[in-house]
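Asker: First the structure, which I've put down as structure tokens, then a few questions once you've had a look.
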Amino acid sequence: MSAPLLQISNLAGGYPPVSVFHGIDFSIGDHESVGFFGPNGHGKSTLLKTIAGLIDPWDGDIVFDGVQLNAKGRMRARTSRNLNYDLFRRRRMVAQTAVRSGLIYVMQGNLLFPEMTVGEVLEIAPVAAAGRQGVGEMREQIDALFPRLRERWTSKIRYLSGGERQMVSIAVGLLALPRLLMLDEPTLGLSPKLRIELSVAIRKIRQTKVPLIIVDQNIEFLTSLVDRLLLFDHGSITREIAADAMPSHDEVMAMMFGEAS
Amino acid sequence: MISADTLAFILMSGILLGGLYALMATGLAIVWTTLGVFNFAHGTLLALGAYVAWQVTQSVSGGLGFLLAVIISMGVMFLVGFLLHYVLIKPFERHENVVLLAVITTLAGASIIENTILLSWGPRDRQISPPISGKIEFFGAAFNTYDFVILGISLLALLALAFFLRHTTRGRSMRAAAQNREAAELMGLNVSLLFALTIGLAAATAALAGIFIGSLRFISPAFGADPLMKSLIVVILGGVARFSSPIYAAFIVGIAESFSAYFLGLYWAPAVLFAMMIAVLLIKPEGLFGHRSKTL
């Protein structure tokens with residue numbers, strides 16, 4: 001077996017001094033999709049933000065496509081009464097390197113750039129794809145996926161509905177020509193109609209063989225999309241379920257919280 | 001009873017003043033909206049720009065010298081501003097009190113620049129000789145042609161800046177970085193570089209304003225303090241909700257200043273402006289042309 005696309009080993013992180021997750025190990029191969037499922041507030045988003053390079057990891061390795069993205073070794077937590085070490089602490093990971101190598105994170109409930117128009121945002125979006133081929137084709141693909149965005153081309157993001165904003169977020173992610181796309185609760189807070197529309201679009205993205213990491217609260221939606229499901233609980237991955245043994249919502253609930261009486 | 005001619009004269013001088021204030025305040029406003037910190041070195045950047053231009057006009061005289069001075073000074077100040085970001089702001093950007101720290105570091109930077117000017121050019125007042133002389137008759141009062149040229153160039157410079165921010169990829173990226181830093185990073189934009197470019201552009205506009213002031217009045221190492229104060233008043237008065245908010249406010253401040261200078265006396269003008277600023281802070285803290293957000 002060749003080296004996996006994304007290899008996470010023993011990853012720990014959080015918002016100092018609060019540790020959010022620890023001991024995370026998983027890997028994603030080419031053309032593979034993985035779902036994360038777990039209760040709110042247990043660190044799924046923080047984990048994805050760390051992998052994307054927005055937050056410094058505390059420990060462990062993030063290897064994407066054979067390249068180590070974060071600084072090796074443990075982050076030393078030094079405190080002093082007199083010196084402010086914050087000023088000397090360097091970033092242990094930079095989002096730009098992750099994004100430029102094709103590791104794209106679509107943030108949860110992303111507000112994007114409120115005062116810019118859809119067109120302006122989508123025109124500057126391909127910076128991350130710097131020099132790579134295929135932005136033009138991706139634009140056509142996005143037009144087909146989200147025809148609604150063309151209609152709202154000149155409206156400011158501020159005036160878009162939650163669903164339209166989510167579409168722009170995903171389109172921005174796609175325009176970076178992802179080699180791995182991380183979608184953080186793409187259907188959060190949407191109306192049922194929009195939820196269906198978006199899940200259809202995500203299914204189409206899945207068919208283009210782009211590897212996905214999806215976080216969602218809807219287990220039926222997740223199981224229909226992914227090859228593997230990782231259950232996330234109290235800051236670590238507690239269980240891994242393969243595609244052929246995908247459980248129903250009730251079964252997962254029982255696994256995580258115990259049998260309902 | 002004062003005549004209509006006098007009123008028109010006061011109004012016109014206010015507008016001419018306003019153009020200059022708009023140029024000064026916009027530099028301050030784009031740094032505030034983009035980086036979220038207040039650049040107290042803006043005034044000394046104005047002074048440094050003026051001194052650089054003065055140095056150029058010493059070796060090349062005439063209209064060509066002035067033009068050359070403007071170009072060189074703006075270029076040099078762009079670089080200075082660019083570097084200031086990496087020296088004064090970037091090392092502290094991850095600190096929780098970055099806004100407060102930036103106040104101290106930019107004040108320190110201002111002090112260093114001011115003393116550098118003092119060391120290199122000495123404390124004597126200088127003047128950049130204006131490239132255009134001549135008068136224009138306007139409502140029976142004579143205005144310097146140069147004043148109108150300044151107003152025109154200031155507005156043109158602001159238009160060019162607005163065009164850059166709205167219609168070029170680089171400018172749009174700068175707006176994106178200003179509006180949502182995290183999302184900009186996730187898009188692969190080099191946010192630090194964009195921030196540095198923003199301060200560089202602000203410093204270049206400051207240089208232009210500094211040259212204009214230096215050719216109207218005198219320049220001395222500490223002359224940046226007054227423009228900084230005026231820009232502060234303009235930015236607070238107008239708010240920073242849009243690119244144009246401080247520009248409108250600049251004309252209001254300019255007109256208010258010339259009216260109060262005429263009717264109350266020159267020494268009362270700052271008091272009137274500060275009173276206006278305090279009134280706005282009490283009644284509409286987000287500024288006359290603002291809503292509760294800050295964007296570019």
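Labels used: A, B, ... for chains in the order of the structure tokens, numbers from 1 for residues in each chain, and numbers from 1 for ligands as shown.
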So that I can check the surroundings of B:His167, please list as a PyMOL selection string every protein, DNA and RNA residue that reaches within 12 Å of it, counting only C-alpha atoms and ignoring chain neighbours fewer than 5 positions away.
Answerer: (chain A and resi 116-117+119-121+123-124) or (chain B and resi 159-162+172-175)
Asker: List every residue of stretch 209-261 of chain A that has an atom at most 10 Å from any atom of stretch 29-43 of chain A, and for each one report the closest atom pair and its distance in Å to one decimal, counting only C-alpha atoms, with rows sorted by chain and then by increasing residue number, as a Markdown table.
Answerer:
| residue | atom | partner | partner_atom | distance |
| --- | --- | --- | --- | --- |
| A:Lys209 | CA | A:His31 | CA | 5.2 |
| A:Val210 | CA | A:His31 | CA | 6.0 |
| A:Pro211 | CA | A:His31 | CA | 4.8 |
| A:Leu212 | CA | A:Ser33 | CA | 4.7 |
| A:Ile213 | CA | A:Val34 | CA | 4.9 |
| A:Ile214 | CA | A:Gly35 | CA | 4.8 |
| A:Val215 | CA | A:Phe36 | CA | 4.7 |
| A:Asp216 | CA | A:Phe37 | CA | 6.2 |
| A:Gln217 | CA | A:Phe37 | CA | 6.5 |
| A:Asn218 | CA | A:Phe37 | CA | 8.4 |
| A:Ile219 | CA | A:Phe37 | CA | 7.4 |
| A:Phe221 | CA | A:Gly35 | CA | 9.9 |
| A:Leu222 | CA | A:Gly35 | CA | 6.2 |
| A:Thr223 | CA | A:Gly35 | CA | 7.7 |
| A:Leu225 | CA | A:Ser33 | CA | 7.5 |
| A:Val226 | CA | A:Ser33 | CA | 4.8 |
| A:Asp227 | CA | A:Ser33 | CA | 5.4 |
| A:Arg228 | CA | A:Val34 | CA | 5.0 |
| A:Leu229 | CA | A:Gly35 | CA | 4.7 |
| A:Leu230 | CA | A:Phe36 | CA | 5.0 |
| A:Leu231 | CA | A:Phe37 | CA | 5.0 |
| A:Phe232 | CA | A:Gly38 | CA | 4.7 |
| A:Asp233 | CA | A:Gly38 | CA | 5.8 |
| A:His234 | CA | A:His42 | CA | 5.2 |
| A:Gly235 | CA | A:His42 | CA | 5.5 |
| A:Ser236 | CA | A:Gly43 | CA | 8.4 |
| A:Ile237 | CA | A:Phe36 | CA | 9.0 |
| A:Thr238 | CA | A:Gly38 | CA | 9.7 |
| A:Glu240 | CA | A:Phe36 | CA | 9.6 |
| A:Ile241 | CA | A:Gly35 | CA | 9.8 |
| A:Ala242 | CA | A:Val34 | CA | 9.6 |
| A:Ala243 | CA | A:Val34 | CA | 9.6 |
| A:Val252 | CA | A:Phe37 | CA | 9.2 |
| A:Met253 | CA | A:Gly38 | CA | 9.5 |
| A:Met256 | CA | A:Gly38 | CA | 8.3 |
Asker: Residues as selected, N, CA, C and O atoms, written as a compact mmCIF listing (two decimals), in the first residue's frame, can you do that?
Answerer:
# COMPACT_ATOMS: atom_id res chain seq x y z
N LYS A 209 -14.24 12.17 -7.16
CA LYS A 209 -13.11 11.46 -6.57
C LYS A 209 -12.22 12.37 -5.71
O LYS A 209 -11.09 12.02 -5.43
N VAL A 210 -12.73 13.55 -5.34
CA VAL A 210 -11.97 14.36 -4.40
C VAL A 210 -12.15 13.74 -3.02
O VAL A 210 -13.27 13.53 -2.58
N PRO A 211 -11.06 13.42 -2.34
CA PRO A 211 -11.20 12.87 -0.98
C PRO A 211 -11.84 13.91 -0.06
O PRO A 211 -11.56 15.10 -0.16
N LEU A 212 -12.72 13.43 0.80
CA LEU A 212 -13.45 14.35 1.68
C LEU A 212 -13.29 13.95 3.14
O LEU A 212 -13.19 12.77 3.46
N ILE A 213 -13.27 14.95 4.00
CA ILE A 213 -13.52 14.71 5.41
C ILE A 213 -14.78 15.50 5.71
O ILE A 213 -14.81 16.71 5.48
N ILE A 214 -15.81 14.85 6.17
CA ILE A 214 -17.05 15.56 6.43
C ILE A 214 -17.43 15.40 7.90
O ILE A 214 -17.39 14.30 8.44
N VAL A 215 -17.77 16.51 8.51
CA VAL A 215 -18.33 16.48 9.85
C VAL A 215 -19.81 16.79 9.70
O VAL A 215 -20.16 17.73 9.00
N ASP A 216 -20.65 15.98 10.29
CA ASP A 216 -22.07 16.32 10.23
C ASP A 216 -22.81 15.67 11.38
O ASP A 216 -22.33 14.73 12.00
N GLN A 217 -23.98 16.22 11.66
CA GLN A 217 -24.79 15.69 12.75
C GLN A 217 -25.81 14.68 12.24
O GLN A 217 -26.47 14.02 13.01
N ASN A 218 -25.94 14.60 10.92
CA ASN A 218 -26.93 13.72 10.35
C ASN A 218 -26.26 12.43 9.88
O ASN A 218 -25.57 12.39 8.88
N ILE A 219 -26.48 11.35 10.64
CA ILE A 219 -25.70 10.14 10.38
C ILE A 219 -26.10 9.47 9.07
O ILE A 219 -25.27 8.92 8.36
N PHE A 221 -27.05 10.97 6.34
CA PHE A 221 -26.37 11.75 5.32
C PHE A 221 -24.90 11.35 5.23
O PHE A 221 -24.36 11.09 4.15
N LEU A 222 -24.27 11.20 6.40
CA LEU A 222 -22.85 10.85 6.43
C LEU A 222 -22.60 9.46 5.85
O LEU A 222 -21.75 9.27 5.00
N THR A 223 -23.40 8.49 6.33
CA THR A 223 -23.13 7.11 5.91
C THR A 223 -23.34 6.93 4.41
O THR A 223 -22.71 6.07 3.80
N LEU A 225 -22.37 8.92 2.23
CA LEU A 225 -21.30 9.58 1.50
C LEU A 225 -19.92 8.98 1.71
O LEU A 225 -19.08 9.02 0.81
N VAL A 226 -19.67 8.44 2.89
CA VAL A 226 -18.28 8.17 3.25
C VAL A 226 -17.94 6.68 3.24
O VAL A 226 -18.82 5.83 3.25
N ASP A 227 -16.64 6.40 3.19
CA ASP A 227 -16.16 5.03 3.22
C ASP A 227 -15.97 4.54 4.65
O ASP A 227 -16.06 3.36 4.94
N ARG A 228 -15.65 5.49 5.50
CA ARG A 228 -15.38 5.14 6.89
C ARG A 228 -15.98 6.21 7.77
O ARG A 228 -16.04 7.38 7.40
N LEU A 229 -16.40 5.79 8.94
CA LEU A 229 -16.97 6.74 9.89
C LEU A 229 -16.12 6.71 11.16
O LEU A 229 -15.83 5.63 11.68
N LEU A 230 -15.68 7.89 11.62
CA LEU A 230 -14.93 7.95 12.85
C LEU A 230 -15.80 8.60 13.91
O LEU A 230 -16.33 9.68 13.70
N LEU A 231 -15.98 7.90 15.01
CA LEU A 231 -16.78 8.47 16.09
C LEU A 231 -15.87 9.26 17.01
O LEU A 231 -14.83 8.77 17.45
N PHE A 232 -16.26 10.47 17.27
CA PHE A 232 -15.43 11.40 18.01
C PHE A 232 -16.11 11.71 19.32
O PHE A 232 -17.27 12.08 19.35
N ASP A 233 -15.39 11.53 20.39
CA ASP A 233 -16.01 11.72 21.70
C ASP A 233 -14.97 12.19 22.69
O ASP A 233 -13.89 11.62 22.78
N HIS A 234 -15.26 13.21 23.47
CA HIS A 234 -14.35 13.73 24.48
C HIS A 234 -12.94 13.92 23.96
O HIS A 234 -11.97 13.50 24.59
N GLY A 235 -12.80 14.49 22.78
CA GLY A 235 -11.48 14.85 22.29
C GLY A 235 -10.63 13.72 21.78
O GLY A 235 -9.43 13.86 21.65
N SER A 236 -11.22 12.58 21.50
CA SER A 236 -10.43 11.55 20.84
C SER A 236 -11.35 10.67 20.00
O SER A 236 -12.57 10.67 20.17
N ILE A 237 -10.74 9.93 19.07
CA ILE A 237 -11.52 9.06 18.22
C ILE A 237 -11.77 7.76 18.97
O ILE A 237 -10.83 7.06 19.35
N THR A 238 -13.03 7.47 19.24
CA THR A 238 -13.31 6.31 20.08
C THR A 238 -13.59 5.08 19.24
O THR A 238 -13.49 3.96 19.72
N GLU A 240 -13.94 3.33 15.00
CA GLU A 240 -13.86 3.48 13.57
C GLU A 240 -14.78 2.43 12.94
O GLU A 240 -14.72 1.26 13.30
N ILE A 241 -15.62 2.87 12.02
CA ILE A 241 -16.57 1.93 11.42
C ILE A 241 -16.38 1.95 9.92
O ILE A 241 -16.38 3.02 9.30
N ALA A 242 -16.24 0.77 9.31
CA ALA A 242 -16.03 0.70 7.87
C ALA A 242 -17.35 0.81 7.12
O ALA A 242 -18.43 0.67 7.70
N ALA A 243 -17.27 1.04 5.81
CA ALA A 243 -18.45 1.30 5.00
C ALA A 243 -19.45 0.15 5.03
O ALA A 243 -20.65 0.37 5.09
N VAL A 252 -25.71 4.01 16.41
CA VAL A 252 -24.59 4.88 16.78
C VAL A 252 -24.85 5.53 18.12
O VAL A 252 -23.97 5.63 18.98
N MET A 253 -26.07 6.00 18.30
CA MET A 253 -26.42 6.62 19.58
C MET A 253 -26.18 5.64 20.72
O MET A 253 -25.67 6.01 21.78
N MET A 256 -22.50 5.33 21.46
CA MET A 256 -21.87 6.47 22.10
C MET A 256 -22.40 6.74 23.49
O MET A 256 -21.67 7.17 24.37
Asker: Could you pull the residues within 7 Å of A:Gly23, counting only C-alpha atoms, minus those fewer than 2 positions along the same chain, as a PyMOL selection string?
Answerer: chain A and resi 10-12+25+236
Asker: Those same residues, written as a PDB file, in the first residue's frame with N, CA, C and O atoms?
Answerer:
ATOM      1  N   ASN A  10      -0.818  10.856  16.555  1.00  0.00           N
ATOM      2  CA  ASN A  10      -0.697  11.313  17.932  1.00  0.00           C
ATOM      3  C   ASN A  10      -0.925  12.823  18.088  1.00  0.00           C
ATOM      4  O   ASN A  10      -0.255  13.497  18.848  1.00  0.00           O
ATOM      5  N   LEU A  11      -1.877  13.352  17.330  1.00  0.00           N
ATOM      6  CA  LEU A  11      -2.088  14.797  17.316  1.00  0.00           C
ATOM      7  C   LEU A  11      -2.803  15.260  18.584  1.00  0.00           C
ATOM      8  O   LEU A  11      -3.765  14.631  19.030  1.00  0.00           O
ATOM      9  N   ALA A  12      -2.295  16.335  19.163  1.00  0.00           N
ATOM     10  CA  ALA A  12      -2.969  16.945  20.308  1.00  0.00           C
ATOM     11  C   ALA A  12      -3.045  18.441  20.074  1.00  0.00           C
ATOM     12  O   ALA A  12      -2.193  19.006  19.395  1.00  0.00           O
ATOM     13  N   ASP A  25      -5.160   9.627  15.936  1.00  0.00           N
ATOM     14  CA  ASP A  25      -4.445   8.901  14.887  1.00  0.00           C
ATOM     15  C   ASP A  25      -5.432   8.520  13.803  1.00  0.00           C
ATOM     16  O   ASP A  25      -6.424   7.854  14.078  1.00  0.00           O
ATOM     17  N   SER A 236     -11.224  12.579  21.502  1.00  0.00           N
ATOM     18  CA  SER A 236     -10.431  11.548  20.839  1.00  0.00           C
ATOM     19  C   SER A 236     -11.351  10.674  19.999  1.00  0.00           C
ATOM     20  O   SER A 236     -12.569  10.668  20.175  1.00  0.00           O
TER      21      SER A 236
END
Asker: Taking the DSSP assignment computed from this structure's backbone, write out as a PyMOL selection string all residues of stretch 80-260 of chain B that belong to strand (DSSP E).
Answerer: chain B and resi 135-138+141-144
Asker: What are the nearest atom pairs, with distances in Å to one decimal, for all residues of chain B that come at most 12 Å from chain A, using only C-alpha atoms, set out by chain and rising residue number as a Markdown table?
Answerer:
| residue | atom | partner | partner_atom | distance |
| --- | --- | --- | --- | --- |
| B:Ile89 | CA | A:Leu87 | CA | 11.1 |
| B:Lys90 | CA | A:Leu87 | CA | 9.9 |
| B:Pro91 | CA | A:Leu87 | CA | 6.5 |
| B:Phe92 | CA | A:Leu87 | CA | 6.0 |
| B:Glu93 | CA | A:Leu87 | CA | 8.7 |
| B:Arg94 | CA | A:Asp86 | CA | 7.4 |
| B:His95 | CA | A:Asp86 | CA | 6.3 |
| B:Glu96 | CA | A:Asp86 | CA | 9.1 |
| B:Asn97 | CA | A:Asp86 | CA | 10.9 |
| B:Val98 | CA | A:Leu87 | CA | 10.4 |
| B:Leu101 | CA | A:Leu87 | CA | 10.9 |
| B:Leu165 | CA | A:Met116 | CA | 11.0 |
| B:Arg166 | CA | A:Glu120 | CA | 8.5 |
| B:His167 | CA | A:Glu120 | CA | 8.5 |
| B:Thr168 | CA | A:Ile124 | CA | 9.2 |
| B:Thr169 | CA | A:Ile124 | CA | 6.0 |
| B:Arg170 | CA | A:Ile124 | CA | 8.4 |
| B:Gly171 | CA | A:Ile124 | CA | 9.8 |
| B:Arg172 | CA | A:Ile124 | CA | 7.2 |
| B:Ser173 | CA | A:Ile124 | CA | 6.7 |
| B:Met174 | CA | A:Ile124 | CA | 10.5 |
| B:Arg175 | CA | A:Met116 | CA | 8.0 |
| B:Ala176 | CA | A:Phe113 | CA | 5.9 |
| B:Ala177 | CA | A:Phe113 | CA | 8.4 |
| B:Ala178 | CA | A:Phe113 | CA | 8.5 |
| B:Gln179 | CA | A:Phe113 | CA | 5.3 |
| B:Asn180 | CA | A:Phe113 | CA | 5.8 |
| B:Arg181 | CA | A:Phe113 | CA | 9.1 |
| B:Glu182 | CA | A:Leu54 | CA | 7.2 |
| B:Ala183 | CA | A:Leu112 | CA | 6.0 |
| B:Ala184 | CA | A:Leu112 | CA | 8.2 |
| B:Glu185 | CA | A:Ala95 | CA | 6.0 |
| B:Leu186 | CA | A:Ala95 | CA | 6.2 |
| B:Met187 | CA | A:Ala128 | CA | 6.1 |
| B:Gly188 | CA | A:Ala128 | CA | 4.7 |
| B:Leu189 | CA | A:Gln96 | CA | 6.7 |
| B:Asn190 | CA | A:Gln96 | CA | 6.8 |
| B:Val191 | CA | A:Gln96 | CA | 9.1 |
| B:Ser192 | CA | A:Gln96 | CA | 10.9 |
| B:Leu193 | CA | A:Gln96 | CA | 11.9 |
| B:Ala241 | CA | A:Glu115 | CA | 9.8 |
| B:Arg242 | CA | A:Glu115 | CA | 9.3 |
| B:Phe243 | CA | A:Glu115 | CA | 11.3 |
| B:Ser293 | CA | A:Pro114 | CA | 10.0 |
| B:Lys294 | CA | A:Glu115 | CA | 9.7 |
| B:Thr295 | CA | A:Glu115 | CA | 7.0 |
| B:Leu296 | CA | A:Glu115 | CA | 7.8 |
Asker: What's the 9 Å shell around B:Ile128, counting only C-alpha atoms, without same-chain residues fewer than 5 positions away, as a list of chain:residue names?
Answerer: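 Residues near the query, excluding close chain neighbours: B:Ala50, B:Tyr51, B:Ala53, B:Trp54, B:Thr57, B:Gln58, B:Phe66, B:Ile211, B:Phe212, B:Ile213, B:Gly214, B:Ser215, B:Leu216, B:Arg217, B:Phe218, B:Ile219.
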Asker: Let me see the file: selected residues, N, CA, C and O atoms, as a PDB file, in the first residue's frame.
Answerer:
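Result file follows (part_39.pdb):
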ATOM      1  N   ALA B  50       7.645  64.145   3.821  1.00  0.00           N
ATOM      2  CA  ALA B  50       7.919  65.529   3.430  1.00  0.00           C
ATOM      3  C   ALA B  50       9.419  65.799   3.402  1.00  0.00           C
ATOM      4  O   ALA B  50       9.925  66.449   2.486  1.00  0.00           O
ATOM      5  N   TYR B  51      10.148  65.274   4.380  1.00  0.00           N
ATOM      6  CA  TYR B  51      11.600  65.508   4.412  1.00  0.00           C
ATOM      7  C   TYR B  51      12.311  64.826   3.249  1.00  0.00           C
ATOM      8  O   TYR B  51      13.226  65.385   2.653  1.00  0.00           O
ATOM      9  N   ALA B  53      11.032  64.222   0.377  1.00  0.00           N
ATOM     10  CA  ALA B  53      10.725  65.025  -0.814  1.00  0.00           C
ATOM     11  C   ALA B  53      11.558  66.302  -0.830  1.00  0.00           C
ATOM     12  O   ALA B  53      12.087  66.708  -1.872  1.00  0.00           O
ATOM     13  N   TRP B  54      11.707  66.922   0.348  1.00  0.00           N
ATOM     14  CA  TRP B  54      12.501  68.155   0.434  1.00  0.00           C
ATOM     15  C   TRP B  54      13.931  67.894  -0.014  1.00  0.00           C
ATOM     16  O   TRP B  54      14.527  68.662  -0.764  1.00  0.00           O
ATOM     17  N   THR B  57      14.071  67.765  -3.721  1.00  0.00           N
ATOM     18  CA  THR B  57      13.957  69.078  -4.377  1.00  0.00           C
ATOM     19  C   THR B  57      15.226  69.913  -4.189  1.00  0.00           C
ATOM     20  O   THR B  57      15.466  70.850  -4.945  1.00  0.00           O
ATOM     21  N   GLN B  58      16.050  69.557  -3.198  1.00  0.00           N
ATOM     22  CA  GLN B  58      17.300  70.286  -3.023  1.00  0.00           C
ATOM     23  C   GLN B  58      18.280  70.000  -4.166  1.00  0.00           C
ATOM     24  O   GLN B  58      19.044  70.858  -4.566  1.00  0.00           O
ATOM     25  N   PHE B  66       9.967  68.641  -8.290  1.00  0.00           N
ATOM     26  CA  PHE B  66       8.817  68.389  -7.426  1.00  0.00           C
ATOM     27  C   PHE B  66       8.164  67.058  -7.774  1.00  0.00           C
ATOM     28  O   PHE B  66       7.863  66.252  -6.895  1.00  0.00           O
ATOM     29  N   ILE B 211       3.909  66.081   1.677  1.00  0.00           N
ATOM     30  CA  ILE B 211       4.518  66.981   0.693  1.00  0.00           C
ATOM     31  C   ILE B 211       3.628  68.191   0.467  1.00  0.00           C
ATOM     32  O   ILE B 211       4.099  69.326   0.417  1.00  0.00           O
ATOM     33  N   PHE B 212       2.325  67.962   0.356  1.00  0.00           N
ATOM     34  CA  PHE B 212       1.396  69.079   0.135  1.00  0.00           C
ATOM     35  C   PHE B 212       1.450  70.058   1.301  1.00  0.00           C
ATOM     36  O   PHE B 212       1.528  71.270   1.111  1.00  0.00           O
ATOM     37  N   ILE B 213       1.403  69.498   2.528  1.00  0.00           N
ATOM     38  CA  ILE B 213       1.447  70.381   3.697  1.00  0.00           C
ATOM     39  C   ILE B 213       2.778  71.120   3.744  1.00  0.00           C
ATOM     40  O   ILE B 213       2.849  72.313   4.020  1.00  0.00           O
ATOM     41  N   GLY B 214       3.847  70.382   3.419  1.00  0.00           N
ATOM     42  CA  GLY B 214       5.178  70.980   3.449  1.00  0.00           C
ATOM     43  C   GLY B 214       5.362  72.084   2.430  1.00  0.00           C
ATOM     44  O   GLY B 214       6.223  72.955   2.592  1.00  0.00           O
ATOM     45  N   SER B 215       4.583  72.043   1.354  1.00  0.00           N
ATOM     46  CA  SER B 215       4.721  73.101   0.354  1.00  0.00           C
ATOM     47  C   SER B 215       3.757  74.254   0.619  1.00  0.00           C
ATOM     48  O   SER B 215       3.874  75.319   0.026  1.00  0.00           O
ATOM     49  N   LEU B 216       2.776  74.023   1.508  1.00  0.00           N
ATOM     50  CA  LEU B 216       1.864  75.112   1.879  1.00  0.00           C
ATOM     51  C   LEU B 216       2.373  75.860   3.098  1.00  0.00           C
ATOM     52  O   LEU B 216       2.279  77.069   3.193  1.00  0.00           O
ATOM     53  N   ARG B 217       2.872  75.063   4.069  1.00  0.00           N
ATOM     54  CA  ARG B 217       3.388  75.666   5.296  1.00  0.00           C
ATOM     55  C   ARG B 217       4.861  75.289   5.418  1.00  0.00           C
ATOM     56  O   ARG B 217       5.540  75.131   4.430  1.00  0.00           O
ATOM     57  N   PHE B 218       5.316  75.109   6.625  1.00  0.00           N
ATOM     58  CA  PHE B 218       6.703  74.710   6.831  1.00  0.00           C
ATOM     59  C   PHE B 218       6.749  73.286   7.364  1.00  0.00           C
ATOM     60  O   PHE B 218       5.775  72.802   7.934  1.00  0.00           O
ATOM     61  N   ILE B 219       7.879  72.625   7.187  1.00  0.00           N
ATOM     62  CA  ILE B 219       8.029  71.319   7.815  1.00  0.00           C
ATOM     63  C   ILE B 219       9.091  71.390   8.895  1.00  0.00           C
ATOM     64  O   ILE B 219      10.112  72.042   8.757  1.00  0.00           O
TER      65      ILE B 219
END
Asker: Just how far from atom CA of B:Leu67 is atom CA of B:Ala142, in Å to one decimal?
Answerer: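 Separating atom CA of B:Ala142 from atom CA of B:Leu67 is a distance of 25.5 Å.
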Asker: As a ChimeraX atom specification, please: the residues near B:Ala279 (cut-off 12 Å, only C-alpha atoms, same-chain neighbours under 5 positions excluded).
Answerer: /B:233,236-237,272-274,284-288
Asker: Write out as a VMD selection string all residues of stretch 10-111 of chain A that DSSP puts in alpha helix (DSSP H) for this structure's backbone.
Answerer: chain A and resid 44 to 52 95 to 100
Asker: Those selected residues, please, written with N, CA, C and O atoms and delivered as a tab-separated table (two decimals), in the first residue's frame.
Answerer:
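Output file selection_38.tsv is given in full below:
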chain	number	residue	atom	x	y	z
A	44	LYS	N	-14.41	18.49	17.38
A	44	LYS	CA	-14.26	18.12	15.96
A	44	LYS	C	-13.77	19.31	15.14
A	44	LYS	O	-12.82	19.19	14.36
A	45	SER	N	-14.42	20.44	15.34
A	45	SER	CA	-14.03	21.63	14.56
A	45	SER	C	-12.62	22.08	14.91
A	45	SER	O	-11.85	22.46	14.03
A	46	THR	N	-12.29	22.00	16.20
A	46	THR	CA	-10.95	22.40	16.61
A	46	THR	C	-9.91	21.50	15.95
A	46	THR	O	-8.87	21.96	15.48
A	47	LEU	N	-10.22	20.20	15.87
A	47	LEU	CA	-9.30	19.26	15.21
A	47	LEU	C	-9.10	19.66	13.75
A	47	LEU	O	-7.98	19.75	13.26
A	48	LEU	N	-10.21	19.92	13.06
A	48	LEU	CA	-10.09	20.26	11.64
A	48	LEU	C	-9.36	21.59	11.46
A	48	LEU	O	-8.54	21.74	10.55
A	49	LYS	N	-9.63	22.54	12.34
A	49	LYS	CA	-8.93	23.83	12.25
A	49	LYS	C	-7.43	23.63	12.45
A	49	LYS	O	-6.61	24.30	11.82
A	50	THR	N	-7.09	22.70	13.36
A	50	THR	CA	-5.67	22.44	13.59
A	50	THR	C	-5.03	21.82	12.35
A	50	THR	O	-3.94	22.19	11.95
A	51	ILE	N	-5.75	20.85	11.76
A	51	ILE	CA	-5.19	20.21	10.57
A	51	ILE	C	-5.03	21.22	9.44
A	51	ILE	O	-4.09	21.19	8.66
A	52	ALA	N	-5.95	22.21	9.39
A	52	ALA	CA	-5.88	23.22	8.33
A	52	ALA	C	-4.81	24.28	8.62
A	52	ALA	O	-4.48	25.07	7.76
A	95	ALA	N	-1.25	28.18	7.83
A	95	ALA	CA	-2.38	27.76	7.00
A	95	ALA	C	-2.02	27.81	5.52
A	95	ALA	O	-2.42	26.96	4.74
A	96	GLN	N	-1.22	28.79	5.16
A	96	GLN	CA	-0.91	28.98	3.74
A	96	GLN	C	-0.24	27.75	3.12
A	96	GLN	O	-0.58	27.35	2.01
A	97	THR	N	0.70	27.12	3.86
A	97	THR	CA	1.36	25.95	3.29
A	97	THR	C	0.38	24.81	3.10
A	97	THR	O	0.41	24.11	2.09
A	98	ALA	N	-0.50	24.62	4.09
A	98	ALA	CA	-1.49	23.56	3.98
A	98	ALA	C	-2.40	23.81	2.78
A	98	ALA	O	-2.64	22.93	1.96
A	99	VAL	N	-2.90	25.05	2.68
A	99	VAL	CA	-3.84	25.38	1.61
A	99	VAL	C	-3.18	25.24	0.24
A	99	VAL	O	-3.74	24.68	-0.69
A	100	ARG	N	-1.95	25.73	0.14
A	100	ARG	CA	-1.27	25.69	-1.17
A	100	ARG	C	-0.97	24.27	-1.61
A	100	ARG	O	-0.82	24.02	-2.79
Asker: Just to confirm, what's the straight-line distance from atom CA of B:Ile132 to atom CA of B:Ser61 in Å (one decimal)?
Answerer: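 If I compute the distance from atom CA of B:Ile132 to atom CA of B:Ser61, I get 12.7 Å.
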Asker: Write out as a ChimeraX atom specification the residues lying within 10 Å of B:Ala196, counting only C-alpha atoms and excluding same-chain residues fewer than 6 positions away.
Answerer: /B:31,35,78-86,89-90,174,202
Asker: Quick one: residues within 12 Å of B:Ile2, only C-alpha atoms counted, chain neighbours fewer than 6 positions away excluded, as an MDAnalysis selection string?
Answerer: chainID B and resid 8:10 262:263
